[in-house]
file upload.txt (compact mmCIF, C-alpha atoms)
# COMPACT_ATOMS: atom_id res chain seq x y z
CA MET A 1 8.88 17.30 5.81
CA VAL A 2 9.67 13.59 6.12
CA GLN A 3 7.85 11.95 3.22
CA LYS A 4 6.57 8.76 4.84
CA TYR A 5 3.25 8.03 3.17
CA PHE A 6 3.80 7.87 -0.58
CA ASN A 7 6.98 5.86 0.03
CA GLN A 8 4.70 2.94 0.94
CA LEU A 9 3.62 2.57 -2.69
CA ASN A 10 5.71 0.28 -4.90
CA TYR A 11 3.71 0.85 -8.11
CA THR A 12 1.36 3.65 -9.15
CA LEU A 13 1.41 3.56 -12.98
CA GLY A 14 2.39 -0.10 -13.28
CA ASN A 15 5.03 -2.08 -15.12
CA GLU A 16 3.02 -4.31 -17.47
CA ASP A 17 1.15 -4.02 -20.75
CA THR A 18 -2.20 -5.38 -19.60
CA SER A 19 -3.66 -5.22 -23.10
CA VAL A 20 -1.98 -8.62 -23.58
CA ASP A 21 -3.98 -10.14 -20.71
CA VAL A 22 -7.21 -8.50 -21.90
CA GLU A 23 -6.76 -10.05 -25.34
CA LEU A 24 -5.81 -13.44 -23.86
CA ILE A 25 -8.95 -13.50 -21.73
CA LYS A 26 -11.04 -12.46 -24.73
CA ARG A 27 -9.61 -15.21 -26.96
CA LEU A 28 -9.90 -17.86 -24.27
CA GLY A 29 -13.37 -16.84 -23.11
CA SER A 30 -12.23 -16.71 -19.48
CA GLN A 31 -14.72 -15.25 -17.02
CA ARG A 32 -13.55 -15.84 -13.44
CA VAL A 33 -10.16 -14.21 -13.13
CA PHE A 34 -7.59 -14.09 -10.33
CA SER A 35 -4.92 -11.43 -10.70
CA VAL A 36 -2.00 -9.95 -8.84
CA ALA A 37 -3.34 -6.51 -7.96
CA GLY A 38 -0.32 -4.26 -8.45
CA CYS A 39 -1.64 -0.71 -8.47
CA GLY A 40 -4.87 -1.67 -10.24
CA SER A 41 -3.81 -0.70 -13.75
CA ARG A 42 -2.87 -4.32 -14.48
CA SER A 43 -6.09 -5.76 -13.07
CA PHE A 44 -9.15 -3.54 -13.59
CA PRO A 45 -8.81 -3.53 -17.41
CA LEU A 46 -9.37 -7.31 -17.33
CA LEU A 47 -13.05 -6.64 -16.63
CA GLU A 48 -13.48 -5.66 -20.27
CA SER A 49 -13.70 -9.38 -21.04
CA ALA A 50 -14.13 -11.10 -17.64
CA SER A 51 -17.19 -11.17 -15.38
CA SER A 52 -15.33 -11.05 -12.06
CA VAL A 53 -11.79 -10.35 -10.89
CA ASP A 54 -10.23 -11.31 -7.56
CA LEU A 55 -7.19 -9.21 -6.64
CA VAL A 56 -4.33 -10.22 -4.35
CA ASP A 57 -1.35 -8.32 -3.00
CA VAL A 58 0.86 -8.62 0.05
CA SER A 59 0.77 -4.83 0.44
CA GLN A 60 -2.25 -3.20 2.04
CA TYR A 61 -1.22 0.06 0.39
CA GLN A 62 -1.35 -1.38 -3.13
CA LEU A 63 -4.83 -2.72 -2.37
CA SER A 64 -5.79 0.74 -1.11
CA LEU A 65 -4.69 2.17 -4.45
CA CYS A 66 -6.82 -0.44 -6.23
CA ARG A 67 -9.85 0.58 -4.18
CA LEU A 68 -9.16 4.20 -5.07
CA ARG A 69 -9.09 3.24 -8.75
CA GLU A 70 -12.38 1.38 -8.35
CA ALA A 71 -13.96 4.52 -6.86
CA LEU A 72 -12.62 6.57 -9.78
CA TYR A 73 -14.12 4.17 -12.32
CA SER A 74 -17.46 4.31 -10.54
CA ASN A 75 -17.67 8.09 -10.19
CA LEU A 76 -15.75 9.73 -13.04
CA THR A 77 -16.09 10.23 -16.74
CA PHE A 78 -13.22 9.07 -18.93
CA ASN A 79 -11.78 12.57 -19.25
CA GLU A 80 -12.00 13.15 -15.50
CA PHE A 81 -10.12 9.87 -14.99
CA LEU A 82 -7.35 11.03 -17.32
CA LEU A 83 -7.20 14.41 -15.58
CA PHE A 84 -7.02 12.87 -12.10
CA PHE A 85 -3.90 10.91 -13.08
CA ASP A 86 -2.42 13.55 -15.41
CA TYR A 87 -2.61 11.19 -18.35
CA PRO A 88 -2.17 12.94 -21.71
CA PRO A 89 -3.67 15.18 -22.95
CA TYR A 90 -4.01 16.56 -19.38
CA HIS A 91 -0.32 16.13 -18.45
CA GLY A 92 0.87 19.65 -19.27
CA GLN A 93 -1.45 21.64 -17.04
CA ASN A 94 -2.07 22.26 -13.36
CA ASN A 95 -4.83 19.87 -12.29
CA THR A 96 -4.34 20.15 -8.54
CA PHE A 97 -7.60 22.04 -7.85
CA GLU A 98 -9.73 19.56 -9.81
CA ARG A 99 -7.86 16.60 -8.32
CA LYS A 100 -8.61 17.83 -4.82
CA ARG A 101 -12.28 18.38 -5.72
CA ILE A 102 -12.57 14.90 -7.22
CA PHE A 103 -10.87 13.21 -4.29
CA ARG A 104 -13.14 14.93 -1.76
CA SER A 105 -16.20 13.73 -3.69
CA LEU A 106 -15.24 10.03 -3.58
CA GLU A 107 -16.73 7.49 -1.20
CA LEU A 108 -13.75 5.65 0.32
CA GLU A 109 -13.05 3.59 3.40
CA SER A 110 -11.84 5.92 6.14
CA SER A 111 -8.40 4.28 6.28
CA ASP A 112 -7.97 4.66 2.51
CA ARG A 113 -9.17 8.26 2.60
CA ASP A 114 -6.74 9.16 5.40
CA PHE A 115 -3.83 7.41 3.65
CA PHE A 116 -4.32 9.16 0.33
CA ARG A 117 -5.13 12.53 1.86
CA ASN A 118 -1.75 12.35 3.60
CA ILE A 119 -0.05 11.40 0.34
CA PHE A 120 -1.68 14.20 -1.61
CA GLU A 121 -0.76 16.73 1.06
CA GLU A 122 2.87 15.53 0.91
CA ILE A 123 3.02 15.92 -2.86
CA SER A 124 0.94 19.14 -2.96
CA TRP A 125 -1.94 17.43 -4.75
CA GLU A 126 0.14 16.44 -7.75
CA SER A 127 -0.75 13.22 -9.59
CA LEU A 128 -0.11 9.81 -8.04
CA LEU A 129 0.85 8.33 -11.41
CA TYR A 130 4.63 8.50 -11.02
CA GLN A 131 4.91 8.34 -7.23
CA GLY A 132 5.60 4.60 -6.83
CA LYS A 133 9.11 3.38 -6.03
CA TRP A 134 9.31 1.60 -9.40
CA GLU A 135 8.19 4.66 -11.35
CA ARG A 136 10.55 6.99 -9.48
CA THR A 137 13.44 4.61 -10.18
CA PHE A 138 12.82 4.82 -13.90
CA GLN A 139 12.48 8.59 -13.69
CA LYS A 140 16.01 8.68 -12.24
CA MET A 141 17.24 6.40 -15.00
CA SER A 142 15.65 8.61 -17.64
CA TYR A 143 17.90 11.51 -16.59
CA VAL A 144 20.96 9.33 -17.16
CA LEU A 145 19.58 8.08 -20.49
CA ARG A 146 18.96 11.57 -21.83
CA GLY A 147 22.39 12.71 -20.69
CA LEU A 148 24.18 9.85 -22.42
CA LEU A 149 22.18 9.80 -25.65
CA GLY A 150 22.15 13.55 -26.19
CA LYS A 151 19.63 15.39 -28.37
CA ASN A 152 19.00 12.39 -30.61
CA TYR A 153 17.00 10.47 -27.99
CA LYS A 154 13.64 12.07 -28.92
CA LYS A 155 13.66 11.11 -32.59
CA ILE A 156 12.63 7.49 -32.10
CA PHE A 157 9.30 8.78 -30.73
CA GLU A 158 8.55 10.78 -33.88
CA PHE A 159 7.73 7.83 -36.14
CA HIS A 160 4.21 6.80 -37.12
CA ASP A 161 5.42 4.14 -39.54
CA LEU A 162 7.10 1.06 -38.07
CA ASP A 163 9.31 0.40 -41.10
CA GLU A 164 10.70 3.93 -40.88
CA GLN A 165 11.34 3.50 -37.15
CA ILE A 166 13.13 0.18 -37.74
CA TYR A 167 15.37 1.77 -40.37
CA PHE A 168 16.24 4.60 -37.99
CA PHE A 169 16.88 2.24 -35.06
CA GLU A 170 19.11 -0.07 -37.10
CA ASN A 171 21.00 2.57 -39.10
CA GLU A 172 20.92 5.98 -37.42
CA PHE A 173 20.32 5.44 -33.71
CA SER A 174 23.57 5.72 -31.75
CA LYS A 175 24.19 2.05 -31.00
CA LEU A 176 27.48 2.68 -29.21
CA LYS A 177 25.84 5.08 -26.74
CA TRP A 178 22.74 2.89 -26.48
CA ASN A 179 24.68 -0.28 -25.74
CA SER A 180 26.84 1.59 -23.23
CA LEU A 181 23.66 2.75 -21.52
CA LEU A 182 22.21 -0.78 -21.38
CA PHE A 183 25.48 -2.08 -19.96
CA LEU A 184 25.59 0.69 -17.36
CA LEU A 185 21.97 0.59 -16.19
CA GLY A 186 20.87 -2.94 -17.03
CA ASN A 187 22.73 -4.80 -14.33
CA LYS A 188 22.00 -6.34 -10.98
CA SER A 189 23.99 -3.88 -8.86
CA VAL A 190 22.22 -0.82 -10.24
CA PHE A 191 18.72 -2.28 -9.75
CA ASN A 192 19.64 -3.49 -6.26
CA ALA A 193 20.91 -0.04 -5.32
CA LEU A 194 17.96 1.88 -6.77
CA LEU A 195 14.99 -0.40 -6.20
CA TYR A 196 15.38 -3.93 -4.87
CA LYS A 197 17.66 -3.33 -1.88
CA GLY A 198 19.38 -6.71 -2.25
CA ASP A 199 16.30 -8.72 -3.27
CA PHE A 200 16.83 -8.61 -7.03
CA ILE A 201 15.93 -11.75 -8.99
CA GLU A 202 18.54 -14.53 -9.18
CA LYS A 203 18.88 -14.81 -12.97
CA ASN A 204 18.80 -18.25 -14.57
CA VAL A 205 18.32 -17.36 -18.25
CA GLU A 206 21.36 -17.99 -20.44
CA GLU A 207 21.91 -14.37 -21.49
CA ASN A 208 23.85 -12.03 -19.27
CA HIS A 209 22.04 -8.91 -18.06
CA PHE A 210 23.27 -6.76 -20.94
CA GLU A 211 22.22 -9.32 -23.57
CA TYR A 212 18.82 -9.76 -21.91
CA TYR A 213 17.99 -6.05 -21.98
CA GLN A 214 19.43 -5.64 -25.46
CA THR A 215 17.14 -8.41 -26.74
CA SER A 216 14.19 -6.93 -24.86
CA PHE A 217 14.54 -3.43 -26.31
CA ASN A 218 15.24 -4.82 -29.77
CA GLN A 219 11.94 -6.68 -29.57
CA LEU A 220 10.20 -3.55 -28.34
CA PHE A 221 11.51 -1.19 -31.03
CA LEU A 222 11.36 -3.66 -33.95
CA ASN A 223 7.75 -4.69 -33.30
CA ASN A 224 6.11 -1.58 -31.83
CA LEU A 225 6.16 2.15 -32.38
CA ALA A 226 8.11 3.64 -29.49
CA ARG A 227 5.49 6.37 -29.18
CA SER A 228 2.87 3.71 -28.33
CA SER A 229 4.83 2.23 -25.38
CA PHE A 230 4.24 3.78 -21.95
CA PHE A 231 7.36 1.94 -20.77
CA ALA A 232 9.53 3.53 -23.48
CA HIS A 233 8.10 6.94 -22.52
CA LEU A 234 8.99 6.32 -18.88
CA CYS A 235 12.52 5.15 -19.74
CA PHE A 236 13.28 8.12 -22.01
CA PHE A 237 11.25 10.97 -20.52
CA GLY A 238 10.31 9.83 -17.01
CA LYS A 239 6.64 10.29 -17.92
CA ILE A 240 4.12 9.65 -20.69
CA THR A 241 4.39 12.59 -23.06
CA HIS A 242 1.42 12.09 -25.41
CA SER A 243 -1.77 10.06 -25.70
CA ASP A 244 -0.31 7.46 -28.07
CA GLY A 245 1.68 6.16 -25.10
CA ASN A 246 -1.21 5.82 -22.67
CA PRO A 247 -1.65 2.29 -21.24
CA ILE A 248 -4.91 0.40 -21.67
CA GLU A 249 -6.59 1.79 -18.55
CA ALA A 250 -6.32 5.22 -20.21
CA ILE A 251 -7.90 4.03 -23.47
CA GLU A 252 -11.53 5.13 -23.69
CA SER A 253 -13.01 1.87 -25.00
CA ASN A 254 -11.48 -0.15 -22.16
CA PHE A 255 -12.34 2.43 -19.50
CA LEU A 256 -15.99 2.56 -20.57
CA ALA A 257 -16.25 -1.24 -20.77
CA VAL A 258 -14.85 -1.62 -17.25
CA LYS A 259 -17.05 1.17 -15.90
CA ASP A 260 -20.12 -0.46 -17.47
CA LYS A 261 -19.23 -3.84 -15.97
CA LEU A 262 -18.83 -2.32 -12.50
CA GLU A 263 -22.13 -0.47 -12.80
CA SER A 264 -23.78 -3.71 -13.92
CA GLY A 265 -22.63 -5.55 -10.80
CA ALA A 266 -19.37 -7.21 -11.89
CA LYS A 267 -17.52 -8.12 -8.74
CA ILE A 268 -14.05 -7.05 -7.61
CA THR A 269 -12.83 -8.93 -4.54
CA TYR A 270 -9.70 -7.98 -2.59
CA HIS A 271 -7.34 -10.38 -0.81
CA GLN A 272 -4.25 -9.42 1.15
CA GLY A 273 -1.65 -12.13 1.52
CA ASP A 274 0.40 -14.80 -0.18
CA LEU A 275 -1.08 -15.78 -3.54
CA VAL A 276 0.19 -19.38 -3.39
CA GLY A 277 -1.27 -19.94 0.06
CA LEU A 278 -4.59 -18.44 -0.98
CA LEU A 279 -4.90 -20.34 -4.25
CA GLY A 280 -3.90 -23.60 -2.58
CA SER A 281 -6.61 -23.38 0.07
CA LYS A 282 -9.89 -25.30 0.01
CA GLU A 283 -11.85 -22.05 -0.28
CA PHE A 284 -10.48 -21.40 -3.77
CA GLU A 285 -10.86 -24.91 -5.19
CA ASN A 286 -12.06 -24.98 -8.84
CA LYS A 287 -12.87 -21.27 -8.64
CA TYR A 288 -11.01 -19.66 -11.57
CA ASP A 289 -10.42 -20.14 -15.27
CA PHE A 290 -7.57 -17.59 -15.53
CA LEU A 291 -4.72 -16.83 -13.12
CA GLY A 292 -2.63 -13.75 -13.91
CA LEU A 293 0.44 -14.14 -11.71
CA SER A 294 2.50 -11.25 -13.10
CA ASP A 295 6.25 -11.89 -12.62
CA VAL A 296 5.84 -12.91 -8.97
CA PRO A 297 7.04 -16.54 -9.47
CA SER A 298 10.34 -15.25 -10.91
CA TYR A 299 11.19 -14.26 -7.32
CA PHE A 300 10.43 -17.70 -5.86
CA LYS A 301 13.26 -19.85 -4.51
CA GLY A 302 13.73 -23.32 -3.02
CA ASP A 303 10.74 -25.56 -2.43
CA LEU A 304 8.27 -22.79 -3.20
CA GLU A 305 9.69 -22.42 -6.70
CA LYS A 306 9.51 -26.16 -7.29
CA THR A 307 6.01 -26.77 -5.97
CA PHE A 308 3.93 -23.60 -6.52
CA LEU A 309 2.28 -24.81 -9.73
CA GLN A 310 1.08 -28.00 -8.07
CA THR A 311 -0.13 -26.05 -5.04
CA ILE A 312 -2.26 -23.59 -7.01
CA ARG A 313 -3.48 -26.11 -9.61
CA SER A 314 -6.54 -26.96 -7.48
CA SER A 315 -7.86 -23.40 -7.82
CA LEU A 316 -8.23 -23.78 -11.59
CA GLN A 317 -11.18 -25.24 -13.40
CA GLU A 318 -10.44 -27.90 -16.01
CA GLY A 319 -8.86 -26.16 -18.99
CA GLY A 320 -8.03 -23.10 -16.88
CA ILE A 321 -5.05 -20.93 -17.75
CA ILE A 322 -2.03 -19.58 -15.88
CA CYS A 323 -0.29 -16.54 -17.37
CA LEU A 324 3.30 -16.05 -16.19
CA ARG A 325 5.55 -13.13 -17.01
CA ASN A 326 9.03 -14.52 -16.44
CA TYR A 327 11.64 -11.86 -15.78
CA LEU A 328 15.30 -12.92 -15.90
CA ARG A 329 14.33 -16.22 -14.28
CA ILE A 330 12.23 -19.11 -15.59
CA PRO A 331 10.75 -20.78 -12.49
CA ASN A 332 12.07 -24.33 -12.11
CA SER A 333 8.72 -25.78 -11.12
CA ASN A 334 6.96 -29.11 -11.51
CA ASN A 335 4.47 -28.42 -14.32
CA SER A 336 2.94 -31.88 -14.56
CA GLY A 337 -0.80 -31.64 -15.16
CA PHE A 338 -0.30 -28.60 -17.38
CA GLU A 339 0.11 -28.16 -21.11
CA ASP A 340 2.37 -25.33 -22.29
CA ILE A 341 0.38 -23.46 -24.96
CA THR A 342 2.61 -20.38 -25.12
CA HIS A 343 3.30 -20.94 -28.83
CA GLN A 344 -0.35 -20.26 -29.68
CA PHE A 345 0.04 -16.60 -28.70
CA GLN A 346 3.53 -15.67 -29.91
CA SER A 347 2.31 -12.96 -32.29
CA LEU A 348 0.46 -11.33 -29.39
CA PHE A 349 3.57 -11.31 -27.20
CA LEU A 350 5.68 -9.74 -29.95
CA ASN A 351 3.42 -6.68 -29.82
CA GLU A 352 3.63 -6.36 -26.03
CA LYS A 353 4.81 -2.85 -25.14
CA VAL A 354 7.22 -3.43 -22.26
CA GLY A 355 9.45 -6.07 -23.76
CA VAL A 356 11.37 -7.35 -20.74
CA TYR A 357 9.09 -10.30 -19.95
CA ARG A 358 9.19 -13.84 -21.33
CA PHE A 359 5.61 -15.10 -21.35
CA GLN A 360 4.56 -18.60 -20.42
CA ILE A 361 0.95 -19.78 -20.79
CA LEU A 362 0.01 -23.03 -19.06
CA LYS A 363 -3.30 -24.88 -19.45
CA LYS A 364 -4.64 -27.28 -16.83
CA ILE A 365 -5.21 -30.74 -18.25
call {"tool": "encode", "arguments": {"input": "upload.txt", "output": "structure tokens"}}
result
Amino acid sequence: MVQKYFNQLNYTLGNEDTSVDVELIKRLGSQRVFSVAGCGSRSFPLLESASSVDLVDVSQYQLSLCRLREALYSNLTFNEFLLFFDYPPYHGQNNTFERKRIFRSLELESSDRDFFRNIFEEISWESLLYQGKWERTFQKMSYVLRGLLGKNYKKIFEFHDLDEQIYFFENEFSKLKWNSLLFLLGNKSVFNALLYKGDFIEKNVEENHFEYYQTSFNQLFLNNLARSSFFAHLCFFGKITHSDGNPIEAIESNFLAVKDKLESGAKITYHQGDLVGLLGSKEFENKYDFLGLSDVPSYFKGDLEKTFLQTIRSSLQEGGIICLRNYLRIPNSNNSGFEDITHQFQSLFLNEKVGVYRFQILKKI
């Protein structure tokens, strides 16, 4: 069978630790939030603290996946949600029968229902969680990682004490093999071949690719337990292997808070298109107090890179916040009319569980 449906999805688990954004919104008291949609795992958890979230994506299929997630929040218990996605502790069993039953019970737009029914039939009703192009890329990389590191690769996930993990990482972890792996996999040509198809970010940070990823993983393993990072699980195992690694959407307190907000009438609004064009339009003037732009601006070039902050500034209320995740590239943009307050949240960013992003928090003045 030609697998043509699930190949439309770029992200299904997601590539960001959204607990950072949830905490930012909580500390700032933000209520009206605009967020890059992704697959929904980076955006729905924001409702724990916000009163409304507007989602944007250029892909209709990613928005379809967000609408599916919204239906799951509205109709499932927490444990049913975990089971549907094969999140631990439901990852080691056959959940296909229950997944099919749950899916058939959901109220979905007909186009979304047809799209996901075709996907599920292609993958024999297995979970969607690792079916995105990004997730499948890291599953491939995990095979290489395990082959190069040998049997020792699992040990870093056994620690419950950070000091013990740091000692192991600095003194017993095979640095020669690890650095060879980062050099082999952490470069532009590999990512272009596996994922970006020639559209990989044009790096402008001072470090070379190897140094960048070495710094990123050092930050991850010296500030967080590896077992608590879904990204580390994906890199090493190709999947999340136990509940300690579940992302925030699979944490009960967040799930129940989001579910309660949706049941109480909190609004999710979907927009397909270019986020800069949308936010720069008259319709969105003074509408938001928090913009979560993911790492999208790291891909901007030319005039768009230089002007996007000024274009979207009108959509923010006075004192509103922009959260950028810069990846390999710091956008060279005109940031007049903004105050950089990144330093106020450095301790929060150190505990972020992906590690490859350089955060920038801008406040409208």
call {"tool": "closest_residue", "arguments": {"input": "upload.txt", "among": "A:Ile268, A:Leu348, A:Leu316, A:Leu304", "to": "Glu285 (chain A)", "atoms": "only C-alpha atoms"}}
result
A:Leu316
call {"tool": "axis_aligned_box", "arguments": {"input": "upload.txt", "around": "region 295-312 of chain A", "padding_each_side": "4 Å", "output": "AutoDock Vina command-line options"}}
result
--center_x 5.7 --center_y -19.9 --center_z -7.5 --size_x 24.0 --size_y 24.1 --size_z 18.2
call {"tool": "residues_near_point", "arguments": {"input": "upload.txt", "point": "(13.2, 3.5, -25.1)", "cutoff": "10 Å", "atoms": "all atoms listed in the file", "output": "list in words"}}
result
Ser142, Leu145, Tyr153, Lys154, Ile156, Phe157, Trp178, Phe217, Asn218, Leu220, Phe221, Ala226, Arg227, Ser229, Phe230, Phe231, Ala232, His233, Leu234, Cys235, Phe236, Phe237 and Val354 of chain A
call {"tool": "atom_distance", "arguments": {"input": "upload.txt", "atom1": "CA of Val296 (chain A)", "atom2": "CA of Asn326 (chain A)"}}
result
8.3 Å
call {"tool": "residues_around", "arguments": {"input": "upload.txt", "residues": "Gln360 (chain A)", "least_positions_apart": "4", "cutoff": "8 Å", "atoms": "all atoms listed in the file", "output": "number ranges by chain"}}
result
A: 323-326, 340-342
call {"tool": "closest_residue", "arguments": {"input": "upload.txt", "among": "A:Asp57, A:Glu126, A:Glu16, A:Glu318", "to": "Tyr357 (chain A)", "atoms": "only C-alpha atoms"}}
result
A:Glu16
call {"tool": "residues_around", "arguments": {"input": "upload.txt", "residues": "region 114-119 of chain A", "least_positions_apart": "4", "cutoff": "10 Å", "atoms": "all atoms listed in the file", "output": "short mmCIF file (atom, residue, chain, number, x, y, z; two decimals) with C-alpha atoms, in the coordinates of the input"}}
result
data_model
loop_
_atom_site.label_atom_id
_atom_site.label_comp_id
_atom_site.auth_asym_id
_atom_site.auth_seq_id
_atom_site.Cartn_x
_atom_site.Cartn_y
_atom_site.Cartn_z
CA GLN A 3 7.85 11.95 3.22
CA LYS A 4 6.57 8.76 4.84
CA TYR A 5 3.25 8.03 3.17
CA PHE A 6 3.80 7.87 -0.58
CA ASN A 7 6.98 5.86 0.03
CA GLN A 8 4.70 2.94 0.94
CA TYR A 61 -1.22 0.06 0.39
CA SER A 64 -5.79 0.74 -1.11
CA LEU A 65 -4.69 2.17 -4.45
CA LEU A 68 -9.16 4.20 -5.07
CA LYS A 100 -8.61 17.83 -4.82
CA PHE A 103 -10.87 13.21 -4.29
CA ARG A 104 -13.14 14.93 -1.76
CA LEU A 108 -13.75 5.65 0.32
CA GLU A 109 -13.05 3.59 3.40
CA SER A 110 -11.84 5.92 6.14
CA ILE A 123 3.02 15.92 -2.86
CA SER A 124 0.94 19.14 -2.96
CA TRP A 125 -1.94 17.43 -4.75
CA GLU A 126 0.14 16.44 -7.75
CA LEU A 128 -0.11 9.81 -8.04
CA GLN A 131 4.91 8.34 -7.23
#
call {"tool": "closest_residue", "arguments": {"input": "upload.txt", "among": "A:Lys175, A:Lys287, A:His242, A:Arg329", "to": "Phe300 (chain A)", "atoms": "all atoms listed in the file"}}
result
A:Arg329
